[in-house]
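Undergrad: Below you'll find data-v6.tsv; it's TSV, C-alpha atoms and all ligand atoms.
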chain	number	residue	atom	x	y	z
S	1	MET	CA	-120.91	-93.94	-20.02
S	2	GLN	CA	-124.59	-94.53	-20.72
S	3	ILE	CA	-127.44	-92.59	-19.15
S	4	CYS	CA	-131.17	-93.03	-18.86
S	5	ILE	CA	-133.54	-90.54	-17.26
S	6	HIS	CA	-136.22	-92.87	-16.00
S	7	ARG	CA	-138.38	-90.03	-14.72
S	8	GLY	CA	-137.96	-86.26	-14.78
S	9	SER	CA	-137.31	-85.36	-18.44
S	10	LYS	CA	-140.63	-83.54	-18.62
S	11	GLU	CA	-141.85	-83.23	-15.04
S	12	ILE	CA	-140.88	-81.77	-11.68
S	13	GLY	CA	-140.55	-84.47	-9.02
S	14	GLY	CA	-140.00	-88.19	-9.12
S	15	SER	CA	-136.48	-87.73	-10.49
S	16	CYS	CA	-134.59	-90.92	-11.27
S	17	VAL	CA	-131.50	-91.31	-13.45
S	18	GLU	CA	-129.53	-94.50	-14.21
S	19	VAL	CA	-125.83	-94.19	-15.07
S	20	ILE	CA	-124.04	-97.18	-16.62
S	21	SER	CA	-120.35	-97.95	-17.22
S	22	SER	CA	-118.53	-101.27	-17.76
S	23	GLY	CA	-121.67	-103.22	-16.89
S	24	LYS	CA	-122.01	-101.48	-13.50
S	25	ARG	CA	-124.82	-99.10	-12.60
S	26	LEU	CA	-125.64	-96.21	-10.31
S	27	ILE	CA	-129.07	-94.74	-9.61
S	28	VAL	CA	-129.15	-91.01	-8.99
S	29	ASP	CA	-132.24	-90.02	-6.97
S	30	LEU	CA	-135.32	-92.17	-6.57
S	31	GLY	CA	-138.10	-89.69	-6.01
S	32	LEU	CA	-141.82	-89.96	-5.51
S	33	PRO	CA	-143.70	-88.13	-8.30
S	34	LEU	CA	-145.32	-84.93	-7.05
S	35	ASP	CA	-148.76	-85.97	-8.29
S	36	ALA	CA	-148.66	-89.34	-6.46
S	37	GLU	CA	-151.53	-89.61	-4.02
S	38	ARG	CA	-149.57	-91.92	-1.75
S	39	ASN	CA	-146.14	-93.52	-1.67
S	40	ASP	CA	-146.95	-96.64	-3.64
S	41	LYS	CA	-144.63	-99.28	-5.09
S	42	SER	CA	-146.35	-98.94	-8.47
S	43	TYR	CA	-144.41	-95.69	-9.06
S	44	LEU	CA	-141.05	-97.48	-8.90
S	45	PRO	CA	-139.29	-97.20	-12.29
S	46	ASP	CA	-138.73	-100.49	-14.09
S	47	ILE	CA	-135.02	-100.91	-13.31
S	48	SER	CA	-133.31	-104.23	-12.64
S	49	GLY	CA	-131.83	-104.83	-9.20
S	50	PHE	CA	-134.16	-103.03	-6.79
S	51	ASP	CA	-134.72	-106.40	-5.09
S	52	GLY	CA	-131.04	-106.31	-4.03
S	53	ASN	CA	-130.11	-109.42	-6.05
S	54	ASP	CA	-128.29	-107.83	-9.00
S	55	ASN	CA	-124.74	-106.86	-8.12
S	56	SER	CA	-124.37	-104.70	-11.21
S	57	LEU	CA	-126.38	-102.09	-9.25
S	58	LEU	CA	-123.69	-100.56	-7.02
S	59	ALA	CA	-125.60	-97.90	-5.11
S	60	ILE	CA	-128.36	-95.32	-5.04
S	61	LEU	CA	-127.17	-91.73	-4.75
S	62	ILE	CA	-129.59	-89.27	-3.14
S	63	SER	CA	-128.99	-85.57	-3.84
S	64	HIS	CA	-131.09	-84.16	-0.98
S	65	PRO	CA	-133.83	-85.06	1.51
S	66	HIS	CA	-136.93	-84.04	-0.46
S	67	LEU	CA	-139.58	-86.69	-1.04
S	68	ASP	CA	-139.58	-86.10	-4.81
S	69	HIS	CA	-135.90	-87.17	-4.80
S	70	PHE	CA	-135.80	-90.06	-2.28
S	71	GLY	CA	-139.40	-91.18	-1.56
S	72	LEU	CA	-139.33	-94.44	-3.51
S	73	LEU	CA	-136.44	-95.77	-1.39
S	74	ALA	CA	-139.37	-97.15	0.64
S	75	HIS	CA	-139.77	-99.90	-1.97
S	76	VAL	CA	-136.21	-101.08	-2.66
S	77	SER	CA	-134.08	-103.66	-0.85
S	78	SER	CA	-131.99	-102.39	2.06
S	79	LYS	CA	-129.14	-104.49	0.60
S	80	ILE	CA	-128.53	-101.65	-1.92
S	81	PRO	CA	-126.23	-99.01	-0.38
S	82	VAL	CA	-127.69	-95.50	-0.24
S	83	ILE	CA	-125.10	-92.74	-0.60
S	84	MET	CA	-126.12	-89.31	0.70
S	85	GLY	CA	-125.20	-86.48	3.08
S	86	VAL	CA	-124.81	-87.55	6.72
S	87	ASP	CA	-127.06	-84.75	8.00
S	88	ALA	CA	-129.71	-85.50	5.39
S	89	ARG	CA	-129.56	-89.19	6.35
S	90	ARG	CA	-130.02	-88.29	10.03
S	91	ILE	CA	-132.98	-86.00	9.25
S	92	LEU	CA	-134.77	-88.71	7.25
S	93	THR	CA	-134.11	-91.34	9.90
S	94	GLN	CA	-135.28	-89.15	12.80
S	95	ALA	CA	-138.34	-87.88	10.91
S	96	SER	CA	-139.50	-91.36	9.96
S	97	PRO	CA	-141.48	-92.32	13.10
S	98	PHE	CA	-143.41	-89.05	12.96
S	99	LEU	CA	-144.50	-89.32	9.35
S	100	PRO	CA	-147.12	-91.76	8.13
S	101	GLY	CA	-147.25	-93.60	4.83
S	102	ASN	CA	-144.03	-95.26	3.71
S	103	TRP	CA	-141.56	-92.59	4.76
S	104	PRO	CA	-138.30	-94.43	4.04
S	105	VAL	CA	-135.31	-94.80	6.32
S	106	PRO	CA	-132.30	-94.87	4.00
S	107	ALA	CA	-130.19	-98.03	3.94
S	108	ASN	CA	-126.57	-97.78	5.03
S	109	GLY	CA	-124.02	-96.43	2.61
S	110	MET	CA	-121.23	-93.92	2.25
S	111	ASN	CA	-121.76	-90.38	3.49
S	112	LEU	CA	-121.01	-87.50	1.15
S	113	LYS	CA	-118.47	-84.84	2.01
S	114	SER	CA	-118.43	-81.80	-0.24
S	115	GLU	CA	-115.71	-81.91	-2.89
S	116	ILE	CA	-114.29	-85.23	-1.60
S	117	PRO	CA	-114.53	-87.77	-4.43
S	118	ILE	CA	-115.85	-91.27	-3.86
S	119	GLU	CA	-114.56	-94.12	-6.05
S	120	LEU	CA	-117.14	-96.81	-6.67
S	121	GLY	CA	-116.47	-99.50	-9.30
S	122	PRO	CA	-115.85	-97.67	-12.59
S	123	PHE	CA	-117.34	-94.43	-11.22
S	124	LYS	CA	-115.78	-91.45	-9.50
S	125	ILE	CA	-118.40	-89.31	-7.81
S	126	THR	CA	-117.60	-85.79	-6.59
S	127	PRO	CA	-120.36	-84.14	-4.54
S	128	PHE	CA	-120.73	-80.35	-4.22
S	129	LEU	CA	-122.75	-79.00	-1.29
S	130	ILE	CA	-125.20	-76.51	-2.75
S	131	ASP	CA	-127.86	-73.96	-1.73
S	132	HIS	CA	-131.41	-75.38	-1.71
S	133	SER	CA	-134.50	-75.33	0.51
S	134	GLY	CA	-133.74	-78.95	1.43
S	135	TYR	CA	-130.95	-79.35	3.98
S	136	ASP	CA	-127.59	-80.94	3.10
S	137	ALA	CA	-128.22	-80.84	-0.68
S	138	TYR	CA	-125.65	-81.79	-3.31
S	139	SER	CA	-124.87	-81.55	-6.99
S	140	PHE	CA	-122.79	-84.42	-8.37
S	141	MET	CA	-120.04	-84.79	-10.92
S	142	ILE	CA	-119.90	-88.42	-12.05
S	143	GLU	CA	-116.89	-89.56	-14.07
S	144	ALA	CA	-116.45	-92.83	-15.97
S	145	ASP	CA	-114.91	-93.93	-19.28
S	146	GLY	CA	-113.09	-90.59	-19.53
S	147	LYS	CA	-116.43	-88.69	-19.57
S	148	ARG	CA	-117.89	-86.22	-17.09
S	149	LEU	CA	-121.56	-85.94	-16.20
S	150	PHE	CA	-122.71	-83.10	-13.94
S	151	TYR	CA	-126.09	-83.55	-12.19
S	152	SER	CA	-127.27	-80.22	-10.79
S	153	GLY	CA	-129.81	-81.66	-8.34
S	154	ASP	CA	-132.16	-78.98	-7.00
S	155	PHE	CA	-130.42	-75.69	-6.27
S	156	ARG	CA	-130.77	-71.94	-5.97
S	157	MET	CA	-128.63	-68.86	-5.46
S	158	HIS	CA	-130.90	-66.76	-3.22
S	159	GLY	CA	-131.04	-68.82	-0.02
S	160	ARG	CA	-129.07	-68.61	3.21
S	161	LYS	CA	-126.35	-70.77	1.68
S	162	ALA	CA	-126.10	-68.88	-1.64
S	163	LYS	CA	-122.33	-68.73	-1.12
S	164	LEU	CA	-122.08	-72.48	-1.76
S	165	THR	CA	-123.52	-72.15	-5.26
S	166	GLU	CA	-121.45	-69.01	-5.87
S	167	LYS	CA	-118.34	-70.91	-4.80
S	168	LEU	CA	-119.08	-73.69	-7.27
S	169	ILE	CA	-119.63	-71.35	-10.21
S	170	ALA	CA	-116.57	-69.28	-9.31
S	171	ASN	CA	-114.45	-72.42	-9.40
S	172	PRO	CA	-116.29	-74.94	-11.58
S	173	PRO	CA	-114.98	-78.34	-12.68
S	174	ASP	CA	-113.88	-78.24	-16.31
S	175	ASN	CA	-114.49	-80.51	-19.31
S	176	ILE	CA	-118.09	-81.29	-18.44
S	177	ASP	CA	-119.55	-83.40	-21.24
S	178	VAL	CA	-123.17	-83.36	-20.08
S	179	LEU	CA	-125.03	-81.16	-17.62
S	180	LEU	CA	-128.32	-82.58	-16.37
S	181	LEU	CA	-129.85	-79.27	-15.33
S	182	GLU	CA	-132.97	-78.77	-13.22
S	183	GLY	CA	-135.44	-76.21	-14.56
S	184	SER	CA	-138.22	-76.04	-11.97
S	185	THR	CA	-138.77	-72.30	-12.45
S	186	LEU	CA	-139.03	-72.26	-16.25
S	187	GLY	CA	-142.54	-71.14	-17.04
S	188	ARG	CA	-142.96	-69.72	-13.54
S	189	LEU	CA	-140.63	-66.75	-13.84
S	190	GLU	CA	-139.63	-64.66	-16.85
S	191	GLY	CA	-136.13	-63.82	-18.09
S	192	ASN	CA	-134.83	-61.14	-15.75
S	193	GLN	CA	-137.16	-61.70	-12.81
S	194	HIS	CA	-135.64	-62.83	-9.53
S	195	PHE	CA	-137.08	-64.45	-6.44
S	196	PRO	CA	-136.91	-62.69	-3.08
S	197	SER	CA	-133.90	-63.86	-1.10
S	198	GLU	CA	-134.28	-65.70	2.19
S	199	THR	CA	-133.06	-62.46	3.81
S	200	ASP	CA	-135.96	-60.57	2.15
S	201	ILE	CA	-138.26	-63.23	3.60
S	202	GLU	CA	-136.80	-62.70	7.07
S	203	LYS	CA	-137.59	-58.97	6.73
S	204	LYS	CA	-141.20	-59.72	5.73
S	205	PHE	CA	-141.57	-62.01	8.77
S	206	THR	CA	-140.09	-59.32	11.00
S	207	ASP	CA	-142.56	-56.67	9.75
S	208	THR	CA	-145.45	-59.12	10.05
S	209	PHE	CA	-144.61	-60.32	13.59
S	210	ALA	CA	-144.17	-56.71	14.74
S	211	ASN	CA	-147.68	-55.83	13.57
S	212	THR	CA	-149.60	-58.92	14.71
S	213	THR	CA	-151.60	-58.49	17.91
S	214	GLY	CA	-152.66	-62.12	18.36
S	215	LEU	CA	-150.96	-65.49	17.99
S	216	THR	CA	-149.06	-65.87	14.71
S	217	LEU	CA	-149.37	-69.24	13.01
S	218	VAL	CA	-146.61	-69.90	10.50
S	219	HIS	CA	-147.29	-72.92	8.31
S	220	THR	CA	-144.05	-74.18	6.81
S	221	SER	CA	-142.04	-77.38	6.55
S	222	SER	CA	-140.07	-78.14	9.70
S	223	GLN	CA	-137.46	-79.58	7.33
S	224	ASN	CA	-136.99	-76.24	5.51
S	225	ILE	CA	-134.17	-75.27	7.85
S	226	ASP	CA	-133.33	-72.01	6.03
S	227	ARG	CA	-136.93	-70.93	6.57
S	228	ILE	CA	-136.94	-71.89	10.27
S	229	VAL	CA	-133.80	-69.78	10.72
S	230	SER	CA	-135.49	-66.81	8.96
S	231	ILE	CA	-138.55	-67.16	11.19
S	232	PHE	CA	-136.46	-67.50	14.36
S	233	ARG	CA	-134.34	-64.45	13.49
S	234	ALA	CA	-137.55	-62.45	12.90
S	235	CYS	CA	-138.84	-63.66	16.30
S	236	LYS	CA	-135.68	-62.47	18.01
S	237	LYS	CA	-135.89	-59.06	16.35
S	238	THR	CA	-139.51	-58.60	17.47
S	239	GLY	CA	-139.18	-60.09	20.97
S	240	LYS	CA	-141.40	-63.07	20.12
S	241	THR	CA	-141.01	-66.66	21.23
S	242	LEU	CA	-140.94	-69.41	18.58
S	243	VAL	CA	-143.14	-72.32	19.66
S	244	ILE	CA	-142.23	-75.69	18.17
S	245	ASP	CA	-143.57	-79.21	18.67
S	246	LEU	CA	-141.60	-82.42	19.23
S	247	TYR	CA	-141.31	-83.14	15.50
S	248	GLY	CA	-139.85	-79.67	14.93
S	249	ALA	CA	-137.48	-80.18	17.87
S	250	ILE	CA	-136.13	-83.50	16.58
S	251	ILE	CA	-135.63	-82.19	13.02
S	252	LEU	CA	-133.67	-79.18	14.30
S	253	GLU	CA	-131.57	-81.52	16.44
S	254	ALA	CA	-131.06	-83.91	13.49
S	255	THR	CA	-129.30	-81.21	11.46
S	256	GLY	CA	-126.34	-81.85	13.76
S	257	ASN	CA	-125.61	-78.13	13.42
S	258	LYS	CA	-125.22	-76.21	16.66
S	259	LYS	CA	-125.81	-72.91	14.83
S	260	ILE	CA	-129.38	-73.95	13.95
S	261	PRO	CA	-132.01	-73.06	16.62
S	262	GLN	CA	-132.56	-75.88	19.12
S	263	SER	CA	-135.32	-76.76	21.58
S	264	ASP	CA	-133.29	-75.57	24.59
S	265	TRP	CA	-132.41	-72.13	23.18
S	266	PRO	CA	-133.72	-68.87	24.66
S	267	LYS	CA	-136.83	-67.55	22.86
S	268	ILE	CA	-137.85	-71.09	21.90
S	269	ALA	CA	-140.65	-73.00	23.60
S	270	LEU	CA	-141.85	-76.57	23.16
S	271	TYR	CA	-145.61	-77.11	23.09
S	272	ILE	CA	-146.93	-80.64	22.54
S	273	PRO	CA	-150.34	-80.67	20.84
S	274	GLN	CA	-152.83	-83.22	22.14
S	275	SER	CA	-152.56	-85.55	19.13
S	276	GLN	CA	-148.78	-85.61	19.49
S	277	ARG	CA	-149.17	-86.43	23.20
S	278	VAL	CA	-151.11	-89.51	22.17
S	279	GLN	CA	-148.41	-90.39	19.63
S	280	ILE	CA	-145.70	-90.00	22.29
S	281	LYS	CA	-147.62	-92.18	24.74
S	282	ASN	CA	-148.38	-94.90	22.19
S	283	ASN	CA	-144.78	-95.04	21.01
S	284	LYS	CA	-143.26	-94.58	24.49
S	285	TRP	CA	-141.11	-91.67	23.28
S	286	PHE	CA	-140.65	-90.48	26.85
S	287	ASP	CA	-136.86	-90.12	26.68
S	288	LEU	CA	-137.16	-88.15	23.45
S	289	LEU	CA	-139.71	-85.86	25.06
S	290	LYS	CA	-137.58	-85.45	28.17
S	291	ARG	CA	-134.53	-84.53	26.09
S	292	HIS	CA	-136.45	-81.66	24.48
S	293	SER	CA	-138.51	-80.53	27.48
S	294	LYS	CA	-136.20	-77.91	28.98
S	295	LYS	CA	-138.36	-75.11	27.53
S	296	ARG	CA	-141.67	-76.99	27.49
S	297	ILE	CA	-144.85	-74.98	28.06
S	298	PHE	CA	-148.41	-76.18	28.56
S	299	ILE	CA	-151.62	-74.74	27.21
S	300	GLU	CA	-152.21	-72.34	30.14
S	301	LYS	CA	-148.83	-70.73	29.54
S	302	LEU	CA	-149.44	-70.55	25.80
S	303	GLN	CA	-152.76	-68.80	26.51
S	304	GLU	CA	-150.95	-66.34	28.77
S	305	ILE	CA	-148.20	-65.43	26.30
S	306	SER	CA	-149.91	-66.14	22.96
S	307	THR	CA	-149.73	-62.56	21.68
S	308	GLN	CA	-145.96	-62.79	22.07
S	309	CYS	CA	-145.68	-66.13	20.29
S	310	VAL	CA	-145.12	-67.43	16.78
S	311	LEU	CA	-146.32	-71.02	16.46
S	312	LEU	CA	-144.65	-73.29	13.92
S	313	PHE	CA	-148.08	-74.41	12.81
S	314	ARG	CA	-149.24	-77.74	11.47
S	315	PRO	CA	-152.91	-78.66	10.96
S	316	LEU	CA	-152.65	-81.04	13.95
S	317	HIS	CA	-152.57	-77.93	16.19
S	318	ILE	CA	-156.14	-76.95	15.26
S	319	PRO	CA	-158.07	-78.75	18.05
S	320	ASP	CA	-155.73	-77.34	20.72
S	321	LEU	CA	-156.01	-73.79	19.38
S	322	GLU	CA	-159.80	-73.98	19.30
S	323	LYS	CA	-160.13	-75.52	22.74
S	324	ALA	CA	-157.84	-72.92	24.31
S	325	ASN	CA	-159.49	-69.99	22.55
S	326	LEU	CA	-156.26	-68.88	20.96
S	327	LEU	CA	-157.72	-67.56	17.74
S	328	ASN	CA	-158.58	-63.96	18.64
S	329	ASP	CA	-156.61	-61.70	16.28
S	330	ALA	CA	-154.60	-64.72	15.14
S	331	LEU	CA	-152.82	-64.46	11.81
S	332	TYR	CA	-152.09	-67.41	9.51
S	333	VAL	CA	-148.91	-67.16	7.42
S	334	PHE	CA	-148.62	-69.66	4.57
S	335	SER	CA	-144.92	-70.27	4.01
S	336	LEU	CA	-144.94	-73.14	1.52
S	337	TRP	CA	-145.06	-73.31	-2.27
S	338	GLU	CA	-148.19	-71.34	-3.34
S	339	GLY	CA	-149.08	-74.12	-5.80
S	340	TYR	CA	-150.10	-76.32	-2.86
S	341	TRP	CA	-152.69	-73.70	-1.87
S	342	GLU	CA	-153.87	-73.11	-5.45
S	343	ARG	CA	-154.44	-76.79	-6.09
S	344	ASP	CA	-156.30	-77.01	-2.77
S	345	SER	CA	-153.97	-79.38	-0.94
S	346	PHE	CA	-155.43	-78.16	2.39
S	347	PRO	CA	-159.23	-77.99	1.86
S	348	ASN	CA	-160.13	-78.41	5.54
S	349	LEU	CA	-157.63	-75.80	6.62
S	350	ARG	CA	-159.04	-73.35	4.09
S	351	LYS	CA	-162.55	-73.88	5.53
S	352	TRP	CA	-161.27	-73.60	9.10
S	353	LEU	CA	-159.56	-70.26	8.45
S	354	LYS	CA	-162.74	-68.94	6.83
S	355	ASN	CA	-165.03	-70.17	9.61
S	356	ASN	CA	-162.80	-68.62	12.25
S	357	ASN	CA	-162.25	-65.37	10.38
S	358	ILE	CA	-158.49	-65.81	10.39
S	359	LEU	CA	-156.59	-63.70	7.89
S	360	LYS	CA	-154.21	-65.63	5.61
S	361	ILE	CA	-151.08	-64.08	4.14
S	362	SER	CA	-148.23	-65.72	2.20
S	363	ILE	CA	-144.51	-65.25	2.84
S	364	HIS	CA	-142.38	-67.55	0.75
S	365	THR	CA	-139.58	-67.81	-1.75
S	366	SER	CA	-138.61	-70.59	-4.10
S	367	GLY	CA	-136.11	-73.35	-3.35
S	368	HIS	CA	-135.05	-73.23	-7.00
S	369	ALA	CA	-132.85	-70.97	-9.12
S	370	SER	CA	-134.51	-68.33	-11.30
S	371	PRO	CA	-134.00	-68.72	-15.09
S	372	ALA	CA	-131.40	-65.93	-14.95
S	373	ASP	CA	-129.46	-67.86	-12.28
S	374	LEU	CA	-129.77	-71.10	-14.27
S	375	ILE	CA	-128.10	-69.27	-17.16
S	376	ARG	CA	-125.27	-68.10	-14.86
S	377	PHE	CA	-124.82	-71.66	-13.63
S	378	ALA	CA	-124.72	-73.15	-17.14
S	379	LYS	CA	-122.32	-70.46	-18.40
S	380	ALA	CA	-119.92	-71.23	-15.55
S	381	LEU	CA	-119.94	-74.99	-16.08
S	382	LYS	CA	-119.58	-74.71	-19.89
S	383	PRO	CA	-120.91	-78.21	-20.62
S	384	SER	CA	-120.70	-79.63	-24.14
S	385	LYS	CA	-124.38	-80.55	-23.83
S	386	ILE	CA	-127.30	-79.59	-21.55
S	387	VAL	CA	-130.10	-82.07	-20.91
S	388	PRO	CA	-133.29	-80.87	-19.19
S	389	ILE	CA	-134.49	-82.59	-16.01
S	390	HIS	CA	-136.89	-81.72	-13.17
S	391	THR	CA	-138.92	-79.34	-15.34
S	392	PHE	CA	-142.33	-79.07	-16.94
S	393	MET	CA	-140.83	-76.93	-19.72
S	394	PRO	CA	-137.98	-78.90	-21.39
S	395	GLU	CA	-138.72	-77.20	-24.74
S	396	LYS	CA	-137.94	-73.79	-23.17
S	397	TYR	CA	-134.28	-74.71	-22.54
S	398	LYS	CA	-133.41	-73.96	-26.17
S	399	ASP	CA	-134.42	-70.32	-25.61
S	400	LEU	CA	-132.01	-69.98	-22.68
S	401	PHE	CA	-129.01	-72.23	-23.37
S	402	ASP	CA	-126.80	-73.44	-26.21
S	403	ASN	CA	-126.25	-77.12	-27.01
S	404	VAL	CA	-129.51	-78.36	-25.54
S	405	LYS	CA	-130.53	-81.94	-26.20
S	406	LEU	CA	-133.82	-83.38	-24.98
S	407	HIS	CA	-133.84	-87.03	-23.92
S	408	ALA	CA	-137.16	-88.69	-23.15
S	409	ASP	CA	-137.92	-90.77	-20.05
S	410	GLY	CA	-136.75	-94.35	-20.58
S	411	GLU	CA	-134.34	-93.51	-23.43
S	412	TYR	CA	-130.77	-94.84	-23.02
S	413	TRP	CA	-128.12	-92.57	-24.52
S	414	GLU	CA	-124.35	-92.37	-24.70
S	415	VAL	CA	-122.36	-89.50	-23.19
W	1	ZN	ZN	-135.76	-80.26	-3.66
Just give me the structure of the file as structure tokens.

TA:
Amino acid sequence: MQICIHRGSKEIGGSCVEVISSGKRLIVDLGLPLDAERNDKSYLPDISGFDGNDNSLLAILISHPHLDHFGLLAHVSSKIPVIMGVDARRILTQASPFLPGNWPVPANGMNLKSEIPIELGPFKITPFLIDHSGYDAYSFMIEADGKRLFYSGDFRMHGRKAKLTEKLIANPPDNIDVLLLEGSTLGRLEGNQHFPSETDIEKKFTDTFANTTGLTLVHTSSQNIDRIVSIFRACKKTGKTLVIDLYGAIILEATGNKKIPQSDWPKIALYIPQSQRVQIKNNKWFDLLKRHSKKRIFIEKLQEISTQCVLLFRPLHIPDLEKANLLNDALYVFSLWEGYWERDSFPNLRKWLKNNNILKISIHTSGHASPADLIRFAKALKPSKIVPIHTFMPEKYKDLFDNVKLHADGEYWEV
């Protein structure tokens, strides 16, 4: 079995790995680099077969629905099967009309089921459902030529699904020849430090909601389902109503999981901001709107109950909030990776908060395992060799793990 990391050996995001056996090939993840300004074809790695006319390329495997792992699917032929989780596939497909700029709809292909192997040409692929901030996320074991590659994907052990990762390390596959191990948190967190758990985050939201006298604006990703659950549970504990928009409603529905909050649940309300109303009208999404309108409220109602509401905020809400005078005593909670704020990904929002005297606080935890948890993971899997991926600090691996081997982007190597 031959492997090439096309992107990711020394960066977070844009992961892409090619696996080769008996002249057949698999691509594992096809992500958009994090520093890409837009989803452009020029970022596509130089790999034969993306036009769909090379039958040595059997499929593209997507570990989870984060743009830095699937974004470049926008530029490959739909003749190439895309293998991924069924819920992740549904989320990407349903989100697509709402999101501008080459948001890809995955081509058809097999759906992953945790721990059920898929045989494809010379490859046997066993997926393991794992805890991550992206929904329906998998690690993969790929076997060919009597060798075993384990691709960690993105994972953590402090989220709402920590049990999944714990289950894997309690009962790991044996004889792993190579572990491609993500290391997003190396350089961000020291040896014994741990991230707050998603349960700690829920507690912080609960305390915050209990002490906010105006409307609470929580800025997070509607696709971070663990986080939405934390926010909703905090709402329930403090008697608040969670206000979502149509995009939020369709993503929650797309999880296909009846235990995840839905638009028709008690203590949930649907508010459609003006710009989304235009989008609905232009696209004639009237049935979609109707399906989610059981708990719909309009601006007058939001004004009436705003102090008892937590809005799942996106910048597109700003004109509505201003027009309706909803900013008295409002609190803005940033619940995304702090790096986005530090590198000024939201300059207009920053100005708007300042001009309107709105206090900003941050409540967040990482989607990635701490270095200490990465060590636990590697110790459990006992690979013969560890190769860094999805990290800015590949040289740090040698301080944490035995048998580390760095392989550069574009280098083909034998397992
Ligand atoms: Zn991810």

Undergrad: Within 9 Å of ligand ZN 1 (chain W) (counting all atoms listed in the file), which residues show up? I'd like them as a list of chain:residue names.

TA: S:Gly13, S:Ser63, S:His64, S:Pro65, S:His66, S:Leu67, S:Asp68, S:His69, S:His132, S:Ser133, S:Gly134, S:Ala137, S:Gly153, S:Asp154, S:Phe155, S:Gly367, S:His368

Undergrad: Which residues come within 9 Å of range 407-414 of chain S, counting all atoms listed in the file, excluding same-chain residues fewer than 6 positions away, as number ranges by chain?

TA: S: 1-10, 18, 387-388

Undergrad: Could you name the residues that touch Gly49 in chain S at 9 Å or less, counting only C-alpha atoms, but leaving out those on the same chain fewer than 5 positions away, as a PyMOL selection string?

TA: chain S and resi 54-57+76-77+80

Undergrad: Counting only C-alpha atoms, which of S:Ile60, S:Met157, S:Ile125, S:Ala380 gets nearest to Asn171 in chain S?

TA: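 Closest to Asn171 in chain S, using only C-alpha atoms: S:Ala380.
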
Undergrad: Give me, as a PyMOL selection string, all polymer residues having an atom no more than 6 Å from range 185-200 of chain S, counting all atoms listed in the file and skipping those fewer than 5 positions away in the same chain.

TA: chain S and resi 158-159+365+370+372

Undergrad: If we count all atoms listed in the file and set the cut-off at 8 Å, which residues sit around Trp103 in chain S, ignoring sequence neighbours fewer than 6 positions away in its own chain? Please answer as a list in words.

TA: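 Here the answer would be Asn39, Gly71, Ala74 and Ser96 of chain S.
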
Undergrad: Go through S:Asp51, S:Asp145, S:Glu182, S:Asp40 one by one, measure the shortest atom-to-atom distance of each to Phe392 in chain S using all atoms listed in the file, and give the residue with the smallest value.

TA: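 Among the listed residues, S:Glu182 lies closest to Phe392 in chain S.
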
Undergrad: Of the candidates S:Ala234, S:Val28, S:Leu164, S:Leu331, which one gets nearest to Leu359 in chain S if we count only C-alpha atoms?

TA: S:Leu331
